[in-house]
$ cat target30.txt   # compact mmCIF, C-alpha atoms
# COMPACT_ATOMS: atom_id res chain seq x y z
CA MET A 1451 -25.37 -11.54 -98.41
CA LYS A 1452 -27.62 -11.73 -101.40
CA PRO A 1453 -31.32 -12.27 -100.67
CA ARG A 1454 -32.48 -15.63 -101.95
CA LEU A 1455 -35.33 -16.47 -104.29
CA VAL A 1456 -36.54 -19.82 -103.01
CA TRP A 1457 -38.54 -22.25 -105.09
CA GLN A 1458 -41.04 -23.90 -102.78
CA MET A 1459 -42.77 -27.02 -104.07
CA MET A 1460 -45.73 -28.57 -102.32
CA PHE A 1461 -46.41 -32.30 -102.56
CA SER A 1462 -49.63 -34.08 -101.72
CA ASP A 1463 -49.34 -37.84 -101.69
CA GLY A 1464 -46.40 -37.63 -104.04
CA VAL A 1465 -47.94 -35.29 -106.56
CA LEU A 1466 -46.73 -31.75 -107.08
CA VAL A 1467 -49.69 -29.47 -106.35
CA ARG A 1468 -50.72 -25.89 -106.32
CA THR A 1469 -52.17 -24.85 -102.94
CA LYS A 1470 -54.63 -22.38 -101.51
CA ARG A 1471 -54.00 -21.62 -97.82
CA PHE A 1472 -51.62 -24.61 -97.89
CA VAL A 1473 -54.40 -27.00 -98.84
CA PRO A 1474 -53.81 -28.89 -102.09
CA ASP A 1475 -55.84 -27.16 -104.75
CA TYR A 1476 -55.06 -28.19 -108.32
CA VAL A 1477 -52.56 -30.40 -110.04
CA TYR A 1478 -50.78 -28.80 -112.97
CA THR A 1479 -48.34 -30.08 -115.48
CA GLN A 1480 -45.62 -27.50 -115.66
CA SER A 1481 -42.23 -26.96 -117.10
CA PHE A 1482 -39.29 -26.22 -114.88
CA LEU A 1483 -37.86 -23.35 -116.84
CA GLY A 1484 -35.65 -21.28 -114.67
CA MET A 1485 -35.13 -23.90 -111.98
CA GLU A 1486 -31.40 -23.42 -112.33
CA SER A 1487 -31.87 -19.83 -111.25
CA ALA A 1488 -33.44 -20.75 -107.93
CA ASP A 1489 -31.07 -19.94 -105.07
CA GLU A 1490 -32.57 -22.63 -102.93
CA VAL A 1491 -35.35 -25.19 -102.96
CA PHE A 1492 -37.96 -26.04 -100.31
CA LEU A 1493 -39.88 -29.30 -100.65
CA LEU A 1494 -42.97 -29.45 -98.43
CA ASP A 1495 -45.39 -32.28 -97.87
CA VAL A 1496 -48.89 -30.87 -97.50
CA THR A 1497 -50.72 -34.20 -97.75
CA PRO A 1498 -53.88 -33.73 -95.70
CA GLY A 1499 -53.80 -35.84 -92.59
CA GLY A 1500 -50.11 -36.59 -92.39
CA ARG A 1501 -46.94 -37.84 -94.01
CA SER A 1502 -47.22 -39.75 -97.24
CA ASP A 1503 -44.73 -42.36 -98.47
CA ALA A 1504 -45.40 -41.21 -102.00
CA SER A 1505 -44.37 -37.70 -101.01
CA TRP A 1506 -41.13 -38.98 -99.46
CA ALA A 1507 -40.35 -40.74 -102.75
CA ALA A 1508 -41.18 -37.67 -104.83
CA MET A 1509 -39.07 -35.40 -102.66
CA GLU A 1510 -36.14 -37.81 -102.84
CA ARG A 1511 -36.36 -37.76 -106.64
CA TYR A 1512 -36.43 -33.97 -106.83
CA ALA A 1513 -33.59 -33.59 -104.30
CA GLY A 1514 -31.46 -36.07 -106.20
CA ASP A 1515 -30.79 -33.71 -109.05
CA CYS A 1516 -30.43 -30.51 -107.12
CA PHE A 1517 -27.11 -28.78 -106.36
CA VAL A 1518 -28.46 -25.89 -104.35
CA PRO A 1519 -29.55 -26.41 -100.75
CA VAL A 1520 -32.68 -28.48 -100.38
CA THR A 1521 -34.88 -27.99 -97.34
CA MET A 1522 -37.52 -30.62 -96.68
CA GLY A 1523 -40.52 -30.38 -94.42
CA GLY A 1524 -44.16 -30.93 -93.77
CA HIS A 1525 -45.48 -33.14 -90.94
CA ILE A 1526 -42.06 -33.41 -89.24
CA HIS A 1527 -42.63 -34.17 -85.56
CA LEU A 1528 -40.05 -36.78 -84.54
CA MET A 1529 -36.28 -37.15 -84.82
CA ASP A 1530 -36.96 -40.17 -87.05
CA ASP A 1531 -38.69 -37.84 -89.53
CA VAL A 1532 -35.68 -35.53 -89.37
CA LYS A 1533 -33.21 -38.34 -89.91
CA ARG A 1534 -35.17 -39.78 -92.80
CA SER A 1535 -35.21 -36.35 -94.44
CA PHE A 1536 -31.43 -36.09 -94.28
CA ASP A 1537 -31.09 -39.68 -95.47
CA ILE A 1538 -33.05 -38.92 -98.63
CA GLY A 1539 -31.03 -35.83 -99.46
CA ALA A 1540 -32.20 -32.88 -97.39
CA ASP A 1541 -29.58 -30.30 -96.48
CA LYS A 1542 -31.96 -28.68 -94.00
CA VAL A 1543 -35.32 -29.55 -92.50
CA VAL A 1544 -38.19 -27.16 -91.92
CA VAL A 1545 -40.20 -27.98 -88.84
CA GLY A 1546 -43.42 -26.43 -87.57
CA ARG A 1547 -44.59 -26.55 -83.98
CA SER A 1548 -42.27 -29.47 -83.19
CA ALA A 1549 -39.30 -27.16 -83.74
CA LEU A 1550 -39.53 -26.32 -80.05
CA THR A 1551 -38.80 -29.93 -79.07
CA LEU A 1552 -36.53 -30.91 -81.97
CA CYS A 1553 -34.23 -27.95 -82.48
CA ASP A 1554 -31.67 -28.82 -79.83
CA GLY A 1555 -31.44 -32.44 -80.92
CA VAL A 1556 -30.97 -31.43 -84.54
CA ALA A 1557 -28.35 -28.86 -83.57
CA VAL A 1558 -26.24 -31.47 -81.78
CA ARG A 1559 -26.24 -33.96 -84.64
CA TRP A 1560 -26.31 -31.73 -87.73
CA GLY A 1561 -25.74 -28.18 -86.50
CA CYS A 1562 -28.37 -25.53 -85.76
CA GLN A 1563 -28.14 -24.20 -89.31
CA ALA A 1564 -29.67 -27.51 -90.46
CA ILE A 1565 -33.07 -26.70 -88.96
CA THR A 1566 -35.45 -24.04 -90.17
CA ALA A 1567 -38.42 -23.11 -88.02
CA GLY A 1568 -41.59 -22.97 -90.10
CA VAL A 1569 -43.92 -20.44 -88.55
CA ASP A 1570 -47.40 -19.33 -89.52
CA SER A 1571 -50.42 -17.99 -87.70
CA ARG A 1572 -51.56 -21.51 -86.76
CA THR A 1573 -48.24 -22.89 -85.50
CA TYR A 1574 -48.44 -21.78 -81.89
CA PRO A 1575 -52.11 -21.30 -81.07
CA GLY A 1576 -52.72 -18.92 -78.24
CA ARG A 1577 -49.18 -17.57 -78.29
CA ASP A 1578 -47.73 -14.51 -79.94
CA LEU A 1579 -45.78 -15.74 -82.93
CA VAL A 1580 -43.29 -12.92 -82.58
CA GLU A 1581 -42.58 -13.85 -78.94
CA VAL A 1582 -41.99 -17.50 -79.75
CA VAL A 1583 -39.53 -16.95 -82.61
CA LYS A 1584 -37.21 -14.96 -80.40
CA ASP A 1585 -36.18 -18.07 -78.49
CA LEU A 1586 -35.73 -20.66 -81.21
CA ASN A 1587 -32.27 -22.19 -81.66
CA VAL A 1588 -32.52 -22.51 -85.42
CA GLY A 1589 -30.63 -21.51 -88.53
CA GLU A 1590 -33.45 -19.48 -90.00
CA ILE A 1591 -37.17 -18.83 -89.81
CA LEU A 1592 -39.60 -19.56 -92.66
CA LEU A 1593 -42.48 -17.19 -92.03
CA GLN A 1594 -45.56 -18.18 -93.99
CA SER A 1595 -48.81 -16.32 -94.33
CA VAL A 1596 -51.53 -18.96 -94.50
CA ASP A 1597 -54.18 -16.50 -95.62
CA ARG A 1598 -52.15 -15.29 -98.56
CA ASP A 1599 -50.92 -18.64 -99.86
CA GLY A 1600 -52.21 -19.15 -103.37
CA SER A 1601 -53.52 -15.62 -103.67
CA LEU A 1602 -50.64 -14.18 -105.72
CA GLY A 1603 -51.55 -10.96 -103.94
CA GLY A 1604 -48.25 -10.25 -102.19
CA TYR A 1605 -46.54 -11.13 -98.93
CA ASP A 1606 -47.76 -10.06 -95.50
CA LEU A 1607 -45.24 -7.28 -95.04
CA ASP A 1608 -46.63 -6.11 -91.70
CA LEU A 1609 -46.10 -9.51 -90.15
CA LEU A 1610 -42.68 -9.73 -91.79
CA ALA A 1611 -41.61 -6.39 -90.32
CA ARG A 1612 -42.67 -7.45 -86.84
CA VAL A 1613 -40.72 -10.70 -87.04
CA LEU A 1614 -37.63 -9.06 -88.57
CA ALA A 1615 -37.56 -6.64 -85.66
CA VAL A 1616 -37.00 -9.45 -83.14
CA ALA A 1617 -35.43 -12.35 -85.04
CA ASP A 1618 -31.77 -13.11 -84.42
CA CYS A 1619 -31.45 -15.33 -87.44
CA PRO A 1620 -32.26 -14.95 -91.14
CA VAL A 1621 -35.94 -14.87 -92.12
CA VAL A 1622 -37.48 -16.26 -95.31
CA ILE A 1623 -40.98 -15.02 -96.17
CA GLY A 1624 -43.60 -17.14 -97.94
CA GLY A 1625 -47.25 -17.06 -98.88
CA GLY A 1626 -48.66 -14.79 -101.56
CA TYR A 1627 -45.82 -14.17 -104.01
CA GLY A 1628 -47.34 -13.01 -107.28
CA GLY A 1629 -44.57 -11.08 -109.00
CA TRP A 1630 -41.07 -9.71 -108.72
CA ARG A 1631 -42.21 -6.51 -107.04
CA HIS A 1632 -43.36 -8.55 -104.05
CA ALA A 1633 -39.81 -9.86 -103.65
CA ARG A 1634 -38.42 -6.36 -104.08
CA ASP A 1635 -40.62 -5.03 -101.28
CA ALA A 1636 -39.79 -7.84 -98.87
CA ILE A 1637 -36.07 -7.54 -99.61
CA ALA A 1638 -36.26 -3.80 -98.91
CA LEU A 1639 -37.43 -4.67 -95.38
CA GLY A 1640 -34.37 -6.88 -94.85
CA VAL A 1641 -35.66 -10.37 -95.54
CA SER A 1642 -33.04 -13.03 -96.29
CA GLY A 1643 -35.19 -15.01 -98.72
CA CYS A 1644 -38.46 -14.97 -100.63
CA ALA A 1645 -40.23 -18.29 -101.09
CA MET A 1646 -42.48 -18.66 -104.10
CA SER A 1647 -44.54 -21.57 -105.17
CA ASN A 1648 -47.90 -21.24 -106.82
CA ILE A 1649 -46.65 -18.64 -109.27
CA PHE A 1650 -44.88 -21.35 -111.21
CA HIS A 1651 -48.11 -23.26 -111.71
CA LEU A 1652 -50.07 -20.40 -113.14
CA THR A 1653 -47.94 -17.98 -115.08
CA GLU A 1654 -44.83 -17.77 -117.15
CA ASP A 1655 -43.23 -15.51 -114.54
CA HIS A 1656 -40.27 -17.63 -113.65
CA MET A 1657 -37.17 -17.20 -111.56
CA ALA A 1658 -34.82 -15.86 -114.22
CA MET A 1659 -37.27 -13.14 -115.26
CA ALA A 1660 -37.84 -12.11 -111.66
CA LYS A 1661 -34.08 -11.85 -111.15
CA GLY A 1662 -33.64 -9.80 -114.29
CA ASN A 1663 -36.24 -7.31 -113.07
CA LEU A 1664 -34.80 -7.18 -109.56
CA LYS A 1665 -31.30 -6.55 -110.87
CA MET A 1666 -32.55 -3.69 -112.99
CA GLU A 1667 -33.92 -2.15 -109.82
CA GLY A 1668 -30.52 -2.48 -108.19
CA VAL A 1669 -31.32 -5.38 -105.87
CA ASN A 1670 -28.16 -7.38 -105.09
CA ILE A 1671 -29.35 -10.83 -106.06
CA ARG A 1672 -27.45 -13.86 -107.36
CA GLU A 1673 -27.19 -14.10 -111.15
CA ALA A 1674 -29.87 -15.98 -113.03
CA MET A 1675 -28.46 -19.13 -114.61
CA CYS A 1676 -29.82 -18.81 -118.10
CA MET B 806 -6.38 -42.29 -107.28
CA ALA B 807 -8.18 -42.48 -103.96
CA LEU B 808 -10.02 -39.32 -103.02
CA VAL B 809 -11.18 -39.92 -99.48
CA ILE B 810 -13.97 -38.01 -97.75
CA ALA B 811 -13.29 -38.26 -94.03
CA ASP B 812 -16.47 -39.44 -92.33
CA TYR B 813 -16.43 -38.83 -88.61
CA GLY B 814 -20.06 -39.68 -88.06
CA ARG B 815 -21.61 -36.22 -87.98
CA GLY B 816 -23.59 -34.31 -90.50
CA ASN B 817 -24.79 -35.39 -93.87
CA LEU B 818 -22.28 -36.39 -96.53
CA ARG B 819 -24.85 -37.29 -99.14
CA SER B 820 -24.79 -33.97 -100.99
CA LEU B 821 -21.01 -34.01 -101.13
CA VAL B 822 -20.83 -37.59 -102.39
CA LYS B 823 -23.49 -36.86 -105.00
CA ALA B 824 -21.60 -33.78 -106.15
CA PHE B 825 -18.37 -35.72 -106.68
CA GLU B 826 -20.26 -38.43 -108.54
CA ARG B 827 -21.80 -35.76 -110.78
CA ILE B 828 -18.30 -34.71 -111.87
CA GLY B 829 -17.24 -38.29 -112.44
CA VAL B 830 -15.26 -38.92 -109.27
CA ILE B 831 -16.21 -41.84 -107.05
CA PRO B 832 -15.07 -40.83 -103.59
CA VAL B 833 -14.13 -43.25 -100.85
CA VAL B 834 -16.08 -42.34 -97.71
CA SER B 835 -14.41 -43.54 -94.54
CA GLY B 836 -13.81 -42.83 -90.88
CA ASP B 837 -11.08 -45.44 -90.70
CA ALA B 838 -7.64 -44.02 -89.93
CA ALA B 839 -5.94 -46.68 -92.05
CA VAL B 840 -8.02 -45.78 -95.11
CA ILE B 841 -7.33 -42.09 -94.60
CA ARG B 842 -3.63 -42.71 -94.21
CA ASP B 843 -3.63 -44.40 -97.63
CA ALA B 844 -5.47 -41.64 -99.45
CA ASP B 845 -4.12 -39.68 -102.38
CA ARG B 846 -6.19 -36.68 -101.41
CA ILE B 847 -8.53 -35.84 -98.54
CA VAL B 848 -11.75 -33.89 -98.20
CA LEU B 849 -12.82 -32.94 -94.69
CA PRO B 850 -16.46 -31.87 -94.62
CA GLY B 851 -17.99 -30.30 -91.57
CA VAL B 852 -21.32 -29.36 -90.20
CA GLY B 853 -22.14 -28.28 -86.72
CA SER B 854 -19.67 -26.55 -84.51
CA PHE B 855 -15.90 -26.44 -84.41
CA GLY B 856 -15.96 -28.45 -81.19
CA ASP B 857 -18.23 -31.14 -82.70
CA CYS B 858 -15.97 -31.43 -85.71
CA MET B 859 -12.78 -31.69 -83.63
CA GLN B 860 -14.36 -34.29 -81.39
CA GLY B 861 -14.87 -36.47 -84.43
CA VAL B 862 -11.58 -35.57 -86.09
CA ASP B 863 -9.46 -36.09 -83.00
CA GLY B 864 -9.23 -39.83 -83.50
CA LEU B 865 -8.10 -39.28 -87.09
CA ARG B 866 -5.58 -36.63 -86.26
CA ASP B 867 -2.41 -38.71 -86.64
CA ALA B 868 -3.58 -40.12 -89.93
CA LEU B 869 -4.49 -36.65 -91.23
CA ASP B 870 -1.15 -35.15 -90.13
CA ASP B 871 0.59 -37.98 -91.92
CA VAL B 872 -1.30 -37.64 -95.24
CA VAL B 873 -1.42 -33.86 -95.31
CA LEU B 874 1.66 -32.55 -93.52
CA VAL B 875 4.15 -35.37 -94.07
CA ARG B 876 3.15 -36.84 -97.44
CA GLY B 877 1.87 -33.50 -98.72
CA CYS B 878 -1.30 -34.85 -100.33
CA PRO B 879 -3.94 -32.30 -101.39
CA PHE B 880 -6.43 -31.43 -98.66
CA LEU B 881 -9.78 -29.63 -98.96
CA GLY B 882 -11.60 -28.49 -95.82
CA ILE B 883 -15.26 -27.49 -96.19
CA CYS B 884 -17.15 -25.26 -93.75
CA ALA B 885 -16.35 -26.57 -90.23
CA GLY B 886 -13.77 -28.78 -91.96
CA MET B 887 -12.04 -25.57 -93.00
CA GLN B 888 -12.43 -23.95 -89.59
CA VAL B 889 -10.66 -26.78 -87.74
CA MET B 890 -7.54 -26.15 -89.84
CA GLY B 891 -6.99 -23.24 -87.46
CA ASP B 892 -5.67 -22.94 -83.93
CA ARG B 893 -8.76 -22.35 -81.83
CA GLY B 894 -12.54 -22.18 -82.11
CA PHE B 895 -14.76 -20.31 -79.70
CA GLU B 896 -18.18 -21.87 -80.23
CA ASN B 897 -19.57 -23.35 -76.99
CA GLY B 898 -16.30 -22.84 -75.18
CA GLU B 899 -12.72 -22.85 -76.42
CA HIS B 900 -11.57 -25.78 -78.54
CA GLN B 901 -8.20 -26.63 -80.09
CA GLY B 902 -8.04 -27.14 -83.83
CA LEU B 903 -5.53 -28.94 -86.04
CA GLY B 904 -3.24 -25.92 -85.98
CA TRP B 905 -2.25 -26.22 -89.63
CA ILE B 906 -3.03 -22.60 -90.59
CA PRO B 907 -2.71 -19.90 -87.93
CA GLY B 908 -6.04 -18.37 -87.03
CA ASP B 909 -9.02 -18.47 -84.74
CA VAL B 910 -12.70 -19.08 -85.38
CA LYS B 911 -15.06 -16.50 -83.91
CA HIS B 912 -18.76 -15.68 -83.79
CA ILE B 913 -20.06 -13.48 -86.60
CA GLY B 914 -23.83 -14.17 -86.59
CA MET B 915 -25.87 -16.58 -88.74
CA ARG B 916 -25.18 -16.26 -92.45
CA MET B 917 -27.41 -18.32 -94.74
CA GLY B 918 -27.26 -17.77 -98.48
CA TRP B 919 -25.21 -16.79 -101.49
CA ASP B 920 -22.28 -14.42 -101.40
CA GLY B 921 -19.58 -13.33 -103.80
CA VAL B 922 -16.05 -14.63 -103.29
CA VAL B 923 -12.97 -13.08 -104.84
CA CYS B 924 -10.25 -15.71 -104.99
CA GLY B 925 -6.93 -16.14 -106.73
CA HIS B 926 -6.37 -19.85 -106.09
CA PRO B 927 -6.32 -22.46 -108.87
CA VAL B 928 -8.93 -24.59 -107.07
CA VAL B 929 -11.48 -21.82 -106.37
CA PRO B 930 -12.71 -19.51 -109.12
CA SER B 931 -14.13 -16.14 -108.10
CA GLY B 932 -17.91 -16.13 -108.07
CA GLU B 933 -21.00 -16.77 -105.97
CA TYR B 934 -21.14 -19.60 -103.48
CA TYR B 935 -23.56 -20.77 -100.77
CA PHE B 936 -22.66 -20.12 -97.14
CA MET B 937 -24.29 -21.59 -94.00
CA HIS B 938 -22.38 -20.57 -90.88
CA SER B 939 -22.40 -18.41 -87.79
CA TYR B 940 -18.66 -18.54 -87.03
CA GLY B 941 -15.86 -17.27 -89.26
CA PHE B 942 -12.15 -17.88 -89.70
CA ASP B 943 -9.85 -15.02 -88.75
CA ALA B 944 -6.45 -15.88 -90.25
CA GLY B 945 -3.32 -14.89 -88.33
CA ASP B 946 -1.17 -14.56 -91.46
CA GLN B 947 -2.52 -12.63 -94.45
CA ARG B 948 -0.53 -14.82 -96.83
CA ASP B 949 -2.82 -17.71 -95.92
CA VAL B 950 -5.93 -15.79 -97.04
CA VAL B 951 -6.49 -16.69 -100.68
CA GLY B 952 -10.14 -15.70 -100.99
CA PHE B 953 -12.38 -12.99 -99.53
CA ALA B 954 -16.09 -12.52 -99.18
CA GLY B 955 -17.70 -9.36 -97.82
CA TYR B 956 -17.67 -10.71 -94.27
CA GLY B 957 -14.03 -11.88 -94.19
CA HIS B 958 -11.69 -14.76 -94.92
CA ALA B 959 -13.74 -17.13 -97.02
CA VAL B 960 -10.87 -19.19 -98.47
CA ILE B 961 -7.61 -20.06 -96.72
CA GLY B 962 -4.74 -21.98 -98.17
CA ARG B 963 -1.12 -22.91 -97.83
CA ALA B 964 0.97 -25.34 -99.93
CA ASN B 965 -1.15 -28.47 -100.47
CA MET B 966 -4.01 -27.35 -98.20
CA ILE B 967 -7.10 -25.33 -99.02
CA GLY B 968 -10.14 -24.53 -96.93
CA VAL B 969 -13.43 -23.00 -98.04
CA GLN B 970 -16.06 -21.60 -95.69
CA PHE B 971 -18.84 -22.10 -98.26
CA HIS B 972 -20.37 -25.37 -99.47
CA PRO B 973 -19.18 -26.22 -102.99
CA GLU B 974 -21.63 -29.15 -103.11
CA LYS B 975 -24.51 -26.68 -102.65
CA SER B 976 -23.23 -24.01 -105.02
CA GLN B 977 -24.46 -25.37 -108.33
CA ALA B 978 -22.17 -25.32 -111.35
CA LEU B 979 -19.43 -23.16 -109.87
CA GLY B 980 -19.28 -25.31 -106.75
CA LEU B 981 -18.97 -28.45 -108.84
CA ARG B 982 -16.10 -26.79 -110.64
CA VAL B 983 -14.29 -26.32 -107.33
CA LEU B 984 -14.63 -30.01 -106.59
CA GLU B 985 -13.48 -30.87 -110.09
CA ARG B 986 -10.45 -28.64 -109.80
CA PHE B 987 -9.59 -30.06 -106.40
CA ALA B 988 -9.87 -33.61 -107.72
CA GLY B 989 -7.27 -32.83 -110.37
CA TRP B 990 -5.12 -30.41 -108.40
CA THR B 991 -1.36 -30.79 -108.34
CA PRO B 992 -0.23 -28.29 -105.67
$ encode --input "target30.txt" --output "structure tokens"
Amino acid sequence: MKPRLVWQMMFSDGVLVRTKRFVPDYVYTQSFLGMESADEVFLLDVTPGGRSDASWAAMERYAGDCFVPVTMGGHIHLMDDVKRSFDIGADKVVVGRSALTLCDGVAVRWGCQAITAGVDSRTYPGRDLVEVVKDLNVGEILLQSVDRDGSLGGYDLDLLARVLAVADCPVVIGGGYGGWRHARDAIALGVSGCAMSNIFHLTEDHMAMAKGNLKMEGVNIREAMC
Amino acid sequence: MALVIADYGRGNLRSLVKAFERIGVIPVVSGDAAVIRDADRIVLPGVGSFGDCMQGVDGLRDALDDVVLVRGCPFLGICAGMQVMGDRGFENGEHQGLGWIPGDVKHIGMRMGWDGVVCGHPVVPSGEYYFMHSYGFDAGDQRDVVGFAGYGHAVIGRANMIGVQFHPEKSQALGLRVLERFAGWTP
């Protein structure tokens, strides 16, 4: 399969934001050049303190025009949150610590491929992240590095390697993407997808350019759409 | 011309409905056997397992046999909706399928993402499509395999029936083209 370049958008109270360590940082106006080239889209609500109606509305709008898979998440703890996500257009949901309690219920109603486990260093306090992911009945794992989010300094490849060694399902890495070489290095380890977010707020390095560079290096990635 | 999406109460049909609307087709979405029986063409979506899909489809079986096998109307099976066209599925036990195209559905490991499909069928152009599945169709008769991906039999078809393992509604422009071609297909 071709590794995916995933456009991850963070919403705080309905506004698309750049984040630093997953905390809303700045609001930018940006163009969506290259969105067609995204292999997949993640829409995450990072509103401090909990779910925001404005974020639900914003995510529904963005999902409405999207014909690649849309994964929605952020503050999902109950089956009602899951159901509402699918009702507004999600193809998958990404769930943090509540994945442990929700994954079986989601699997029965929508199939286990419909739930992605979102995992970062804070998700399971006191437990080894690598140990927990082994037992999750989910379609894929979204492994995020909190420390690197917003840094543009590259993914946490050590953590990625440790998770890839034990995960039964595909793994998407996030947190720290700053350029196409970061995707190249993660793909070389065997990752199924590279999530990128803040890059689009700060530079002109968009999806199509990243794909062009990756292809020139021989990485088997889906064609850019422009 | 009534294109009916069979709704058996599982999964999320919203993406599929939206995709048809984008290409100018207003689908009828129904789980009612009478509505299905009256269709001009049928789409059977599927999420979840073979067994889940068949549990929902079982009550519509007579209507589907009538529209597809007797009247010969075009049929498109998507993902688990393609898998149940076969004889048996082995996810969470052994389950009987519709038995329309010989083959069994077996575990192959979770596949999530884009893959290239080579296909010679008028409804499905060769190209890259999005797959989300951990079980795959193993056709019993090579003549029923009309499209391949690296892992195996991605597109099966016979006469007025076609089944795709990938999700055309999640495969951007090329996927929309599949739906468009199916909507206008005269087998």
$ closest_atom_pairs --input "target30.txt" --of "chain B" --to "chain A" --cutoff "6 Å" --atoms "all atoms listed in the file" --output "Markdown table"
| residue | atom | partner | partner_atom | distance |
| --- | --- | --- | --- | --- |
| B:Gly816 | CA | A:Trp1560 | CA | 4.7 |
| B:Val852 | CA | A:Gly1561 | CA | 5.9 |
| B:Gly853 | CA | A:Gly1561 | CA | 3.6 |
| B:Met915 | CA | A:Cys1619 | CA | 5.9 |
| B:Trp919 | CA | A:Lys1452 | CA | 5.6 |
| B:Asp920 | CA | A:Met1451 | CA | 5.2 |
| B:Lys975 | CA | A:Val1518 | CA | 4.4 |
| B:Ser976 | CA | A:Val1518 | CA | 5.6 |
| B:Gln977 | CA | A:Phe1517 | CA | 4.7 |
$ residues_around --input "target30.txt" --residues "region 1570-1581 of chain A" --least-positions-apart "6" --cutoff "6 Å" --atoms "all atoms listed in the file" --output "list in words"
Arg1547, Leu1593, Gln1594, Ser1595 and Val1613 of chain A
$ residues_around --input "target30.txt" --residues "Trp1457 (chain A)" --least-positions-apart "3" --cutoff "6 Å" --atoms "all atoms listed in the file" --output "number ranges by chain"
A: 1491, 1645-1646
$ closest_residue --input "target30.txt" --among "B:Arg948, B:Phe987, B:Val834, B:Phe971" --to "Gly918 (chain B)" --atoms "only C-alpha atoms"
B:Phe971
$ closest_residue --input "target30.txt" --among "B:Asp812, B:Glu899, B:Ala824, B:Met966" --to "Val840 (chain B)" --atoms "only C-alpha atoms"
B:Asp812
$ atom_distance --input "target30.txt" --atom1 "CA of Gly989 (chain B)" --atom2 "CA of Val960 (chain B)"
18.5 Å
$ atom_distance --input "target30.txt" --atom1 "CA of Gly914 (chain B)" --atom2 "CA of Arg1534 (chain A)"
28.7 Å
$ atom_distance --input "target30.txt" --atom1 "CA of Gly957 (chain B)" --atom2 "CA of Val1616 (chain A)"
25.6 Å
$ closest_residue --input "target30.txt" --among "B:Val830, B:Ile847, B:Ala838, B:Val923" --to "Gly877 (chain B)" --atoms "all atoms listed in the file"
B:Ile847
$ residues_around --input "target30.txt" --residues "Ser1548 (chain A)" --least-positions-apart "3" --cutoff "12 Å" --atoms "only C-alpha atoms" --output "PyMOL selection string"
chain A and resi 1523-1529+1531-1532+1543-1545+1551-1556+1565-1569+1573-1574+1586
$ residues_around --input "target30.txt" --residues "Asp946 (chain B)" --least-positions-apart "4" --cutoff "9 Å" --atoms "all atoms listed in the file" --output "ChimeraX atom specification"
/B:906-908,950
$ residues_around --input "target30.txt" --residues "Gly904 (chain B)" --least-positions-apart "2" --cutoff "9 Å" --atoms "all atoms listed in the file" --output "count of residues only"
10
$ build_atoms --input "target30.txt" --residues "region 834-842 of chain B" --atoms "N, CA, C and O atoms" --output "PDB file, in the frame of the given file"
ATOM      1  N   VAL B 834     -15.597 -42.995 -98.930  1.00  0.00           N
ATOM      2  CA  VAL B 834     -16.080 -42.340 -97.710  1.00  0.00           C
ATOM      3  C   VAL B 834     -15.685 -43.209 -96.527  1.00  0.00           C
ATOM      4  O   VAL B 834     -16.097 -44.367 -96.444  1.00  0.00           O
ATOM      5  N   SER B 835     -14.885 -42.680 -95.631  1.00  0.00           N
ATOM      6  CA  SER B 835     -14.410 -43.540 -94.540  1.00  0.00           C
ATOM      7  C   SER B 835     -14.034 -42.750 -93.303  1.00  0.00           C
ATOM      8  O   SER B 835     -13.534 -41.624 -93.391  1.00  0.00           O
ATOM      9  N   GLY B 836     -14.255 -43.374 -92.150  1.00  0.00           N
ATOM     10  CA  GLY B 836     -13.810 -42.830 -90.880  1.00  0.00           C
ATOM     11  C   GLY B 836     -12.668 -43.659 -90.307  1.00  0.00           C
ATOM     12  O   GLY B 836     -12.263 -43.491 -89.164  1.00  0.00           O
ATOM     13  N   ASP B 837     -12.132 -44.530 -91.134  1.00  0.00           N
ATOM     14  CA  ASP B 837     -11.080 -45.440 -90.700  1.00  0.00           C
ATOM     15  C   ASP B 837      -9.714 -44.792 -90.915  1.00  0.00           C
ATOM     16  O   ASP B 837      -9.362 -44.417 -92.031  1.00  0.00           O
ATOM     17  N   ALA B 838      -8.945 -44.679 -89.851  1.00  0.00           N
ATOM     18  CA  ALA B 838      -7.640 -44.020 -89.930  1.00  0.00           C
ATOM     19  C   ALA B 838      -6.729 -44.666 -90.971  1.00  0.00           C
ATOM     20  O   ALA B 838      -5.971 -43.984 -91.660  1.00  0.00           O
ATOM     21  N   ALA B 839      -6.803 -45.979 -91.093  1.00  0.00           N
ATOM     22  CA  ALA B 839      -5.940 -46.680 -92.050  1.00  0.00           C
ATOM     23  C   ALA B 839      -6.288 -46.294 -93.488  1.00  0.00           C
ATOM     24  O   ALA B 839      -5.401 -46.114 -94.335  1.00  0.00           O
ATOM     25  N   VAL B 840      -7.570 -46.174 -93.764  1.00  0.00           N
ATOM     26  CA  VAL B 840      -8.020 -45.780 -95.110  1.00  0.00           C
ATOM     27  C   VAL B 840      -7.588 -44.349 -95.409  1.00  0.00           C
ATOM     28  O   VAL B 840      -7.113 -44.042 -96.506  1.00  0.00           O
ATOM     29  N   ILE B 841      -7.723 -43.498 -94.427  1.00  0.00           N
ATOM     30  CA  ILE B 841      -7.330 -42.090 -94.600  1.00  0.00           C
ATOM     31  C   ILE B 841      -5.841 -41.968 -94.828  1.00  0.00           C
ATOM     32  O   ILE B 841      -5.375 -41.224 -95.684  1.00  0.00           O
ATOM     33  N   ARG B 842      -5.085 -42.735 -94.082  1.00  0.00           N
ATOM     34  CA  ARG B 842      -3.630 -42.710 -94.210  1.00  0.00           C
ATOM     35  C   ARG B 842      -3.175 -43.070 -95.619  1.00  0.00           C
ATOM     36  O   ARG B 842      -2.140 -42.624 -96.090  1.00  0.00           O
TER      37      ARG B 842
END
